[in-house]
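Q: To be precise about what I am sending: the file is called query10.txt and holds compact mmCIF, C-alpha atoms and all ligand atoms.
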# COMPACT_ATOMS: atom_id res chain seq x y z
CA MET A 1 11.33 21.21 3.32
CA SER A 2 13.44 18.44 1.80
CA LEU A 3 12.91 14.85 2.93
CA ILE A 4 16.63 14.62 3.69
CA ASP A 5 17.88 16.17 6.94
CA LEU A 6 21.59 16.89 6.56
CA VAL A 7 22.36 16.63 10.29
CA LEU A 8 20.71 13.22 10.46
CA LEU A 9 22.47 12.07 7.29
CA LYS A 10 25.82 13.15 8.72
CA SER A 11 25.23 11.09 11.83
CA ARG A 12 24.33 8.06 9.67
CA LEU A 13 27.53 8.53 7.64
CA GLY A 14 29.55 8.38 10.87
CA ASP A 15 33.31 8.35 10.30
CA GLN A 16 32.75 8.77 6.53
CA ALA A 17 30.83 12.05 6.85
CA GLY A 18 33.90 14.15 6.04
CA ARG A 19 34.21 12.55 2.60
CA PHE A 20 30.88 13.90 1.34
CA ASP A 21 29.50 17.38 0.87
CA VAL A 22 25.75 16.85 0.57
CA ASP A 23 23.10 19.33 -0.56
CA ALA A 24 19.43 18.35 -0.27
CA LEU A 25 16.96 20.09 -2.58
CA ASP A 26 13.16 20.04 -2.76
CA GLU A 27 13.37 20.11 -6.52
CA CYS A 28 15.74 20.52 -9.46
CA ASP A 29 15.70 19.64 -13.16
CA SER A 30 17.97 16.60 -12.81
CA THR A 31 20.45 15.91 -10.00
CA ASN A 32 22.99 14.85 -12.67
CA SER A 33 22.55 18.15 -14.55
CA GLU A 34 22.64 20.20 -11.34
CA LEU A 35 25.80 18.44 -10.15
CA MET A 36 27.42 18.88 -13.57
CA ARG A 37 26.89 22.64 -13.33
CA ARG A 38 28.37 22.64 -9.83
CA ALA A 39 31.34 20.55 -11.01
CA GLU A 40 32.02 23.11 -13.77
CA ARG A 41 32.15 25.77 -11.05
CA GLY A 42 34.77 23.65 -9.19
CA ALA A 43 32.76 21.55 -6.72
CA PRO A 44 35.03 19.00 -5.02
CA ALA A 45 34.92 15.22 -5.37
CA GLY A 46 32.42 13.81 -2.89
CA THR A 47 29.81 16.50 -3.63
CA VAL A 48 26.32 15.01 -3.56
CA VAL A 49 23.04 16.51 -4.74
CA VAL A 50 19.90 14.75 -3.54
CA ALA A 51 16.47 15.97 -4.63
CA ASP A 52 12.92 15.03 -3.71
CA ARG A 53 11.63 15.89 -7.18
CA GLN A 54 13.25 16.14 -10.60
CA SER A 55 11.39 18.08 -13.28
CA ALA A 56 13.61 16.63 -16.04
CA GLY A 57 15.13 13.44 -14.56
CA ARG A 58 17.20 11.62 -17.16
CA GLY A 59 17.60 7.90 -17.80
CA ARG A 60 19.89 5.99 -20.16
CA ARG A 61 19.46 6.26 -23.89
CA GLY A 62 17.72 9.65 -23.71
CA ARG A 63 14.79 8.34 -21.67
CA ASN A 64 13.00 10.30 -18.94
CA TRP A 65 13.30 9.14 -15.36
CA LEU A 66 10.17 9.58 -13.30
CA SER A 67 10.25 9.28 -9.52
CA ALA A 68 7.94 10.06 -6.63
CA PRO A 69 9.42 11.94 -3.62
CA GLU A 70 8.08 9.78 -0.79
CA SER A 71 8.73 6.47 -2.45
CA SER A 72 12.13 6.92 -4.09
CA LEU A 73 15.62 8.25 -3.55
CA THR A 74 17.24 10.27 -6.35
CA PHE A 75 20.73 11.66 -6.07
CA SER A 76 24.06 12.18 -7.84
CA LEU A 77 27.63 11.92 -6.58
CA LEU A 78 30.67 13.66 -8.09
CA TRP A 79 33.94 11.73 -8.18
CA ARG A 80 37.28 12.54 -9.84
CA PHE A 81 39.95 10.18 -11.15
CA ALA A 82 43.51 10.76 -12.25
CA GLY A 83 44.11 9.61 -15.81
CA PRO A 84 42.11 9.41 -19.02
CA LEU A 85 38.55 8.32 -19.59
CA SER A 86 39.70 5.14 -21.34
CA ARG A 87 40.89 3.75 -17.97
CA LEU A 88 37.35 3.90 -16.62
CA SER A 89 35.51 1.52 -18.89
CA GLY A 90 33.26 -0.51 -16.67
CA LEU A 91 32.78 2.28 -14.13
CA SER A 92 29.01 2.09 -14.29
CA LEU A 93 29.22 -1.66 -13.61
CA ALA A 94 31.46 -0.90 -10.63
CA VAL A 95 28.76 1.48 -9.36
CA GLY A 96 26.24 -1.36 -9.77
CA VAL A 97 28.40 -3.53 -7.51
CA GLY A 98 28.51 -0.74 -4.89
CA LEU A 99 24.75 -0.33 -5.02
CA ALA A 100 24.15 -4.08 -4.79
CA ARG A 101 26.49 -4.33 -1.78
CA ALA A 102 24.64 -1.46 -0.14
CA MET A 103 21.26 -3.16 -0.64
CA GLU A 104 22.64 -6.37 0.87
CA THR A 105 24.12 -4.44 3.83
CA LEU A 106 20.59 -3.08 4.35
CA GLY A 107 19.25 -6.63 4.52
CA ALA A 108 17.86 -6.93 0.98
CA GLU A 109 17.61 -10.40 -0.53
CA GLY A 110 17.41 -11.40 -4.19
CA ILE A 111 19.51 -8.52 -5.54
CA GLY A 112 20.77 -9.02 -9.09
CA LEU A 113 22.62 -7.02 -11.74
CA LYS A 114 21.74 -6.68 -15.39
CA TRP A 115 24.30 -5.42 -17.89
CA PRO A 116 25.24 -2.69 -18.15
CA ASN A 117 23.89 -1.18 -14.97
CA ASP A 118 20.39 -2.02 -13.79
CA LEU A 119 19.84 -3.18 -10.25
CA LEU A 120 17.18 -5.89 -10.14
CA LEU A 121 15.09 -7.67 -7.58
CA CYS A 122 15.05 -11.33 -8.60
CA ASP A 123 12.51 -13.91 -7.56
CA GLY A 124 13.07 -17.16 -9.43
CA ASP A 125 12.52 -16.33 -13.07
CA ARG A 126 10.97 -12.93 -12.40
CA HIS A 127 13.20 -9.85 -12.50
CA ALA A 128 12.03 -6.34 -11.66
CA LYS A 129 14.05 -3.13 -11.80
CA LEU A 130 14.88 -1.70 -8.38
CA ALA A 131 17.25 1.10 -9.39
CA GLY A 132 18.78 2.78 -12.42
CA ILE A 133 22.28 4.20 -12.74
CA LEU A 134 23.36 6.99 -15.08
CA VAL A 135 27.12 7.66 -15.10
CA GLU A 136 28.30 10.64 -17.15
CA LEU A 137 32.04 10.96 -17.72
CA SER A 138 34.11 13.83 -19.04
CA SER A 139 37.83 14.42 -19.05
CA ASP A 140 40.42 17.13 -19.50
CA ARG A 141 44.16 17.40 -18.91
CA ARG A 142 43.66 17.14 -15.11
CA GLY A 143 41.87 13.79 -15.28
CA THR A 144 38.36 12.38 -15.50
CA GLN A 145 35.22 13.51 -13.77
CA ALA A 146 32.31 11.16 -13.11
CA ILE A 147 28.77 12.26 -12.32
CA ILE A 148 27.12 9.19 -10.84
CA GLY A 149 23.34 9.42 -10.77
CA ILE A 150 21.16 6.90 -8.98
CA GLY A 151 17.40 6.53 -8.86
CA LEU A 152 16.30 3.92 -6.32
CA ASN A 153 12.70 2.85 -5.74
CA LEU A 154 12.01 2.57 -2.02
CA MET A 155 8.43 1.48 -2.71
CA PRO A 156 7.21 -0.26 -5.86
CA PRO A 157 6.37 2.46 -8.40
CA ALA A 158 2.78 2.85 -9.55
CA GLY A 159 1.65 3.31 -13.14
CA ASP A 160 2.35 1.97 -16.56
CA LEU A 161 6.07 1.29 -16.86
CA PRO A 162 8.14 -0.02 -19.81
CA GLN A 163 9.48 -2.89 -17.68
CA PRO A 164 8.55 -4.56 -14.37
CA ALA A 165 9.69 -2.47 -11.41
CA ALA A 166 10.10 -3.18 -7.70
CA GLY A 167 10.82 -1.30 -4.49
CA LEU A 168 13.37 -1.89 -1.73
CA SER A 169 10.41 -2.50 0.61
CA GLN A 170 9.82 -5.78 -1.28
CA ALA A 171 13.44 -6.90 -0.85
CA CYS A 172 13.75 -6.24 2.90
CA GLN A 173 11.70 -7.49 5.84
CA HIS A 174 11.46 -3.87 7.04
CA LEU A 175 12.14 -0.91 4.76
CA PRO A 176 15.18 0.89 6.20
CA GLU A 177 14.86 4.60 6.96
CA ARG A 178 15.88 6.78 3.95
CA HIS A 179 18.85 8.51 5.68
CA VAL A 180 20.26 5.09 6.52
CA VAL A 181 19.72 3.96 2.91
CA LEU A 182 21.53 7.00 1.47
CA ALA A 183 24.39 6.79 3.97
CA VAL A 184 24.98 3.08 3.32
CA ILE A 185 24.93 3.63 -0.46
CA LEU A 186 27.42 6.52 -0.26
CA ARG A 187 29.78 4.49 1.91
CA GLU A 188 29.67 1.50 -0.44
CA LEU A 189 30.07 3.72 -3.50
CA ALA A 190 33.20 5.33 -2.05
CA GLY A 191 34.63 1.83 -1.56
CA VAL A 192 34.03 0.64 -5.13
CA LEU A 193 35.19 3.94 -6.62
CA GLU A 194 38.46 3.62 -4.73
CA THR A 195 38.91 0.08 -6.02
CA ALA A 196 38.05 1.18 -9.58
CA ALA A 197 40.60 4.02 -9.35
CA VAL A 198 43.39 1.55 -8.58
CA ASP A 199 42.45 -1.66 -10.41
CA GLY A 200 39.81 -0.54 -12.91
CA PHE A 201 36.75 -2.77 -13.17
CA SER A 202 38.82 -5.98 -13.00
CA GLY A 203 38.99 -5.68 -9.20
CA LEU A 204 35.18 -5.86 -9.03
CA LYS A 205 34.42 -8.27 -11.85
CA THR A 206 33.95 -11.33 -9.63
CA ASP A 207 31.54 -9.40 -7.44
CA TRP A 208 29.55 -8.30 -10.48
CA GLN A 209 29.49 -11.78 -11.95
CA GLN A 210 28.25 -13.34 -8.69
CA ARG A 211 25.14 -11.16 -8.90
CA HIS A 212 24.66 -11.39 -12.66
CA ALA A 213 20.95 -12.11 -13.09
CA TRP A 214 21.20 -13.57 -16.61
CA GLN A 215 24.42 -15.60 -16.39
CA ASN A 216 24.40 -18.42 -18.97
CA GLN A 217 20.94 -17.49 -20.22
CA ILE A 218 20.02 -16.89 -23.85
CA VAL A 219 19.63 -13.17 -24.49
CA GLU A 220 19.05 -10.79 -27.37
CA ILE A 221 20.95 -7.55 -27.87
CA LEU A 222 18.71 -4.80 -29.18
CA ASP A 223 19.79 -1.63 -30.95
CA GLU A 224 16.93 0.87 -31.28
CA GLY A 225 14.47 -2.02 -30.86
CA ALA A 226 16.03 -4.24 -33.57
CA VAL A 227 17.73 -7.51 -32.62
CA GLN A 228 21.47 -7.08 -33.27
CA SER A 229 22.67 -10.43 -31.93
CA CYS A 230 21.49 -13.37 -29.91
CA GLY A 231 23.48 -15.81 -27.80
CA ARG A 232 24.36 -17.22 -24.41
CA CYS A 233 25.33 -14.56 -21.90
CA LEU A 234 28.74 -15.48 -20.45
CA GLY A 235 29.10 -12.47 -18.17
CA VAL A 236 31.58 -9.61 -18.49
CA ASP A 237 35.30 -9.13 -19.09
CA ASP A 238 37.84 -6.95 -17.25
CA GLU A 239 36.70 -3.86 -19.18
CA GLY A 240 33.03 -4.43 -18.37
CA ALA A 241 32.13 -5.55 -21.91
CA LEU A 242 29.37 -8.15 -22.14
CA LEU A 243 30.49 -11.55 -23.46
CA LEU A 244 28.01 -13.27 -25.70
CA GLU A 245 28.51 -16.78 -27.08
CA THR A 246 26.96 -16.77 -30.55
CA ALA A 247 27.01 -19.18 -33.49
CA ALA A 248 29.86 -17.08 -34.93
CA GLY A 249 32.00 -17.20 -31.75
CA ILE A 250 32.32 -14.97 -28.69
CA GLU A 251 31.13 -11.42 -29.23
CA ARG A 252 32.17 -8.55 -26.94
CA ILE A 253 29.49 -5.90 -26.58
CA HIS A 254 30.85 -2.54 -25.43
CA SER A 255 28.16 -0.08 -26.17
CA GLY A 256 25.92 0.87 -23.28
CA ASP A 257 23.51 2.18 -25.93
CA VAL A 258 22.16 -1.25 -26.70
CA SER A 259 19.64 -3.02 -24.51
CA LEU A 260 19.34 -6.57 -23.39
CA ARG A 261 16.37 -8.90 -23.07
CA ARG A 262 15.94 -12.57 -22.37
CA ALA A 263 15.17 -14.54 -25.51
C1 LIG B 301 18.29 4.32 -16.22
O1 LIG B 301 18.04 3.22 -15.75
O2 LIG B 301 17.87 4.65 -17.34
C2 LIG B 301 19.12 5.29 -15.43
C3 LIG B 301 18.26 6.14 -14.53
C4 LIG B 301 19.06 7.10 -13.68
C5 LIG B 301 18.15 8.05 -12.93
C6 LIG B 301 18.92 8.89 -11.94
S1 LIG B 301 17.84 9.73 -10.83
C7 LIG B 301 19.17 10.67 -10.23
C8 LIG B 301 20.03 11.03 -11.43
N1 LIG B 301 19.55 12.25 -12.05
C9 LIG B 301 19.05 12.03 -13.28
O3 LIG B 301 18.57 12.88 -14.04
N2 LIG B 301 19.18 10.72 -13.58
C10 LIG B 301 19.81 9.97 -12.51
For this file, write the structure as structure tokens.

A:
Amino acid sequence: MSLIDLVLLKSRLGDQAGRFDVDALDECDSTNSELMRRAERGAPAGTVVVADRQSAGRGRRGRNWLSAPESSLTFSLLWRFAGPLSRLSGLSLAVGVGLARAMETLGAEGIGLKWPNDLLLCDGDRHAKLAGILVELSSDRRGTQAIIGIGLNLMPPAGDLPQPAAGLSQACQHLPERHVVLAVILRELAGVLETAAVDGFSGLKTDWQQRHAWQNQIVEILDEGAVQSCGRCLGVDDEGALLLETAAGIERIHSGDVSLRRA
């Protein structure tokens, strides 16, 4: 039986329950892939697939995403927007703001954001990844569809990981119950997605910037492991592009395919 009880989740969603159509699975390949198939068959906006286990969980840049059922929360949310894909640059940063707000509502301290869309737990100079976001967009003549996938560590993950990782249990005095966590995230996501639909990312930029973990720090932009540029990180613009002050002037980095590390 799945770790998510739909009746309990509905009660935690309260007056927002009608906005979401949630399905809880023991296992699937990837909640993003499963939701994409359902979207192709006409699933409505607000459909959510949450799974205890993913056999082929996907991360950014073609990476795998590994998660453990008891100690993480993995789900995807379908949202639809009027208008073309080009109006939604910065959507994954907007999702980061929603996720950060949710963590703070749950009592988490030290939440930070790393461009383009990692959620971090920050303690002084140490930053560990708390959650990953994978937004997949597609559009046709009716508008744009977003599959928003989130993998959140409730407990610190074990094992050999490519970067330091943390769990929500380390950010809160008491780890909130998982139905509460999912309900609070869904509510906050609906809020930022509504803002993004009207104002684009610009309506959320200040919120993102306030939580930017590497503001004014010297960073390197890596493309397939090779340093592409280096400079002072000035934050983001209205489209969600990263602004980097380099010797040659201010560079705007658009591609989510690059990665960022502190120099
Ligand atoms: C990243 O940081 O690389 C993004 C990770 C996103 C993982 C989530 S888990 C739920 C959803 N389904 C997937 O296959 N991926 C996303």

Q: Interatomic distance between CA of Val181 (chain A) and CA of Ala102 (chain A)?

A: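 We find that CA of Val181 (chain A) and CA of Ala102 (chain A) lie 7.9 Å from each other.
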
Q: In terms of the shortest atom-to-atom distance over only C-alpha atoms, which of A:Leu121, A:Leu134, A:Leu222, A:Leu152 is closest to Glu109 (chain A)?

A: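 Looking at the shortest contact to Glu109 (chain A), the residue is A:Leu121.
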
Q: Give me the residues within 12 Å of Phe81 (chain A) as a short mmCIF file (atom, residue, chain, number, x, y, z; two decimals) with C-alpha atoms, keeping the file's coordinate frame, counting all atoms listed in the file and dropping any in the same chain fewer than 5 places off.

A:
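Contents of part-v7.cif, freshly written:
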data_model
loop_
_atom_site.label_atom_id
_atom_site.label_comp_id
_atom_site.auth_asym_id
_atom_site.auth_seq_id
_atom_site.Cartn_x
_atom_site.Cartn_y
_atom_site.Cartn_z
CA PRO A 44 35.03 19.00 -5.02
CA ALA A 45 34.92 15.22 -5.37
CA GLY A 46 32.42 13.81 -2.89
CA SER A 86 39.70 5.14 -21.34
CA ARG A 87 40.89 3.75 -17.97
CA LEU A 88 37.35 3.90 -16.62
CA LEU A 91 32.78 2.28 -14.13
CA LEU A 137 32.04 10.96 -17.72
CA SER A 138 34.11 13.83 -19.04
CA SER A 139 37.83 14.42 -19.05
CA ASP A 140 40.42 17.13 -19.50
CA ARG A 141 44.16 17.40 -18.91
CA ARG A 142 43.66 17.14 -15.11
CA GLY A 143 41.87 13.79 -15.28
CA THR A 144 38.36 12.38 -15.50
CA GLN A 145 35.22 13.51 -13.77
CA ALA A 146 32.31 11.16 -13.11
CA ILE A 147 28.77 12.26 -12.32
CA LEU A 193 35.19 3.94 -6.62
CA GLU A 194 38.46 3.62 -4.73
CA THR A 195 38.91 0.08 -6.02
CA ALA A 196 38.05 1.18 -9.58
CA ALA A 197 40.60 4.02 -9.35
CA VAL A 198 43.39 1.55 -8.58
CA GLY A 200 39.81 -0.54 -12.91
#

Q: Write out as JSON lines a residue-level contact list of chain A versus ligand LIG 301 (chain B) with cut-off 6 Å: for each qualifying residue the closest pair of atoms and the distance in Å to one decimal, counting all atoms listed in the file, rows sorted by chain and residue number upward.

A:
{"residue": "A:Ser30", "atom": "CA", "partner": "B:LIG301", "partner_atom": "O3", "distance": 4.0}
{"residue": "A:Thr31", "atom": "CA", "partner": "B:LIG301", "partner_atom": "N1", "distance": 4.3}
{"residue": "A:Asn32", "atom": "CA", "partner": "B:LIG301", "partner_atom": "N1", "distance": 4.4}
{"residue": "A:Gly57", "atom": "CA", "partner": "B:LIG301", "partner_atom": "O3", "distance": 3.5}
{"residue": "A:Arg58", "atom": "CA", "partner": "B:LIG301", "partner_atom": "O3", "distance": 3.6}
{"residue": "A:Gly59", "atom": "CA", "partner": "B:LIG301", "partner_atom": "O2", "distance": 3.3}
{"residue": "A:Arg60", "atom": "CA", "partner": "B:LIG301", "partner_atom": "O2", "distance": 3.7}
{"residue": "A:Trp65", "atom": "CA", "partner": "B:LIG301", "partner_atom": "C5", "distance": 5.5}
{"residue": "A:Thr74", "atom": "CA", "partner": "B:LIG301", "partner_atom": "C7", "distance": 4.4}
{"residue": "A:Phe75", "atom": "CA", "partner": "B:LIG301", "partner_atom": "C7", "distance": 4.6}
{"residue": "A:Ser76", "atom": "CA", "partner": "B:LIG301", "partner_atom": "C8", "distance": 5.5}
{"residue": "A:Gly132", "atom": "CA", "partner": "B:LIG301", "partner_atom": "O1", "distance": 3.4}
{"residue": "A:Ile133", "atom": "CA", "partner": "B:LIG301", "partner_atom": "C2", "distance": 4.3}
{"residue": "A:Leu134", "atom": "CA", "partner": "B:LIG301", "partner_atom": "C4", "distance": 4.5}
{"residue": "A:Gly149", "atom": "CA", "partner": "B:LIG301", "partner_atom": "C8", "distance": 3.7}
{"residue": "A:Ile150", "atom": "CA", "partner": "B:LIG301", "partner_atom": "C6", "distance": 4.2}
{"residue": "A:Gly151", "atom": "CA", "partner": "B:LIG301", "partner_atom": "S1", "distance": 3.8}

Q: Could you check which of A:Leu78, A:Cys230, A:Ala166, A:Ile148 is closest to Ala248 (chain A), using only C-alpha atoms?

A: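 Nearest candidate to Ala248 (chain A) out of A:Leu78, A:Cys230, A:Ala166, A:Ile148: A:Cys230.
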
Q: Within 10 Å of (18.0, 16.9, -3.0), in the coordinates the file gives, what residues turn up when you count only C-alpha atoms, written out as a PyMOL selection string?

A: chain A and resi 2-5+22-28+30-31+48-54+69+73-76

Q: With all atoms of region 148-162 of chain A from the file as input, state the centre and edge lengths in Å to one decimal of the axis-aligned box that has 8 Å extra on each side, as AutoDock Vina command-line options.

A:
--center_x 14.4 --center_y 4.6 --center_z -10.9 --size_x 41.5 --size_y 25.7 --size_z 33.8

Q: Would you mind listing what lies within 10 Å of Gln173 (chain A) as a list in words, with all atoms listed in the file counted and same-chain residues fewer than 4 positions away left out?

A: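 Listed by chain and then number, they are Gly107, Ala108, Glu109, Leu168 and Ser169 of chain A.
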
Q: Find, counting only C-alpha atoms, the residue in A:Ala43, A:Ile111, A:Leu93, A:Ile185 that gets nearest to Arg12 (chain A).

A: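 So, comparing all the options, the nearest one is A:Ile185.
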
Q: Show me, as a PyMOL selection string, the residues that have an atom within 12 Å of Gly159 (chain A) when counting only C-alpha atoms, minus same-chain residues fewer than 6 positions from it.

A: chain A and resi 66-68+165-166

Q: Please determine the residues with any atom at most 12 Å from (36.7, -10.0, -13.4) (coordinates as given in the file, with only C-alpha atoms counting) and report them as an mmCIF file with C-alpha atoms, in the coordinates of the input.

A:
data_model
loop_
_atom_site.group_PDB
_atom_site.id
_atom_site.type_symbol
_atom_site.label_atom_id
_atom_site.label_comp_id
_atom_site.auth_asym_id
_atom_site.auth_seq_id
_atom_site.Cartn_x
_atom_site.Cartn_y
_atom_site.Cartn_z
ATOM 1 C CA GLY A 90 33.260 -0.510 -16.670
ATOM 2 C CA LEU A 93 29.220 -1.660 -13.610
ATOM 3 C CA ALA A 94 31.460 -0.900 -10.630
ATOM 4 C CA ALA A 196 38.050 1.180 -9.580
ATOM 5 C CA ASP A 199 42.450 -1.660 -10.410
ATOM 6 C CA GLY A 200 39.810 -0.540 -12.910
ATOM 7 C CA PHE A 201 36.750 -2.770 -13.170
ATOM 8 C CA SER A 202 38.820 -5.980 -13.000
ATOM 9 C CA GLY A 203 38.990 -5.680 -9.200
ATOM 10 C CA LEU A 204 35.180 -5.860 -9.030
ATOM 11 C CA LYS A 205 34.420 -8.270 -11.850
ATOM 12 C CA THR A 206 33.950 -11.330 -9.630
ATOM 13 C CA ASP A 207 31.540 -9.400 -7.440
ATOM 14 C CA TRP A 208 29.550 -8.300 -10.480
ATOM 15 C CA GLN A 209 29.490 -11.780 -11.950
ATOM 16 C CA GLN A 210 28.250 -13.340 -8.690
ATOM 17 C CA LEU A 234 28.740 -15.480 -20.450
ATOM 18 C CA GLY A 235 29.100 -12.470 -18.170
ATOM 19 C CA VAL A 236 31.580 -9.610 -18.490
ATOM 20 C CA ASP A 237 35.300 -9.130 -19.090
ATOM 21 C CA ASP A 238 37.840 -6.950 -17.250
ATOM 22 C CA GLU A 239 36.700 -3.860 -19.180
ATOM 23 C CA GLY A 240 33.030 -4.430 -18.370
ATOM 24 C CA ALA A 241 32.130 -5.550 -21.910
ATOM 25 C CA LEU A 242 29.370 -8.150 -22.140
ATOM 26 C CA LEU A 243 30.490 -11.550 -23.460
#

Q: Between CA of His179 (chain A) and CA of Leu130 (chain A), measure the distance and give it in Å to one decimal.

A: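 Answer for the CA of His179 (chain A) to CA of Leu130 (chain A) separation: 17.8 Å.
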
Q: Rounded to one decimal in Å, what is the spacing between CA of Gly191 (chain A) and CA of Leu113 (chain A)?

A: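 According to the coordinates, CA of Gly191 (chain A) and CA of Leu113 (chain A) are separated by 18.1 Å.
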
Q: With distances taken over all atoms listed in the file, which residue among A:Arg252, A:Arg261, A:Arg178, A:Lys10 lies nearest Gln217 (chain A)?

A: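 Using all atoms listed in the file, Gln217 (chain A) sits closest to A:Arg261.
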
Q: Name the closest residue to Pro156 (chain A) among the candidates A:Leu85, A:Arg211, A:Val227, A:Ala131; distances are taken between atoms, counting only C-alpha atoms.

A: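 Counting only C-alpha atoms, the residue closest to Pro156 (chain A) is A:Ala131.
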
Q: Which one is closest to Thr105 (chain A): A:Glu188, A:Asp123, A:Glu251, A:Glu177? Count all atoms listed in the file.

A: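 Closest to Thr105 (chain A), using all atoms listed in the file: A:Glu188.
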
Q: For Gly231 (chain A), please output as a list in words all residues within 7 Å (counting only C-alpha atoms; exclusion window: fewer than 4 positions along the same chain).

A: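 Contacts, in chain order: Ile218, Val219, Glu220, Leu244, Glu245 and Thr246 of chain A.
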
Q: Can you write just those residues out, C-alpha atoms, as an mmCIF file, in the frame of the given file?

A:
data_model
loop_
_atom_site.group_PDB
_atom_site.id
_atom_site.type_symbol
_atom_site.label_atom_id
_atom_site.label_comp_id
_atom_site.auth_asym_id
_atom_site.auth_seq_id
_atom_site.Cartn_x
_atom_site.Cartn_y
_atom_site.Cartn_z
ATOM 1 C CA ILE A 218 20.020 -16.890 -23.850
ATOM 2 C CA VAL A 219 19.630 -13.170 -24.490
ATOM 3 C CA GLU A 220 19.050 -10.790 -27.370
ATOM 4 C CA LEU A 244 28.010 -13.270 -25.700
ATOM 5 C CA GLU A 245 28.510 -16.780 -27.080
ATOM 6 C CA THR A 246 26.960 -16.770 -30.550
#
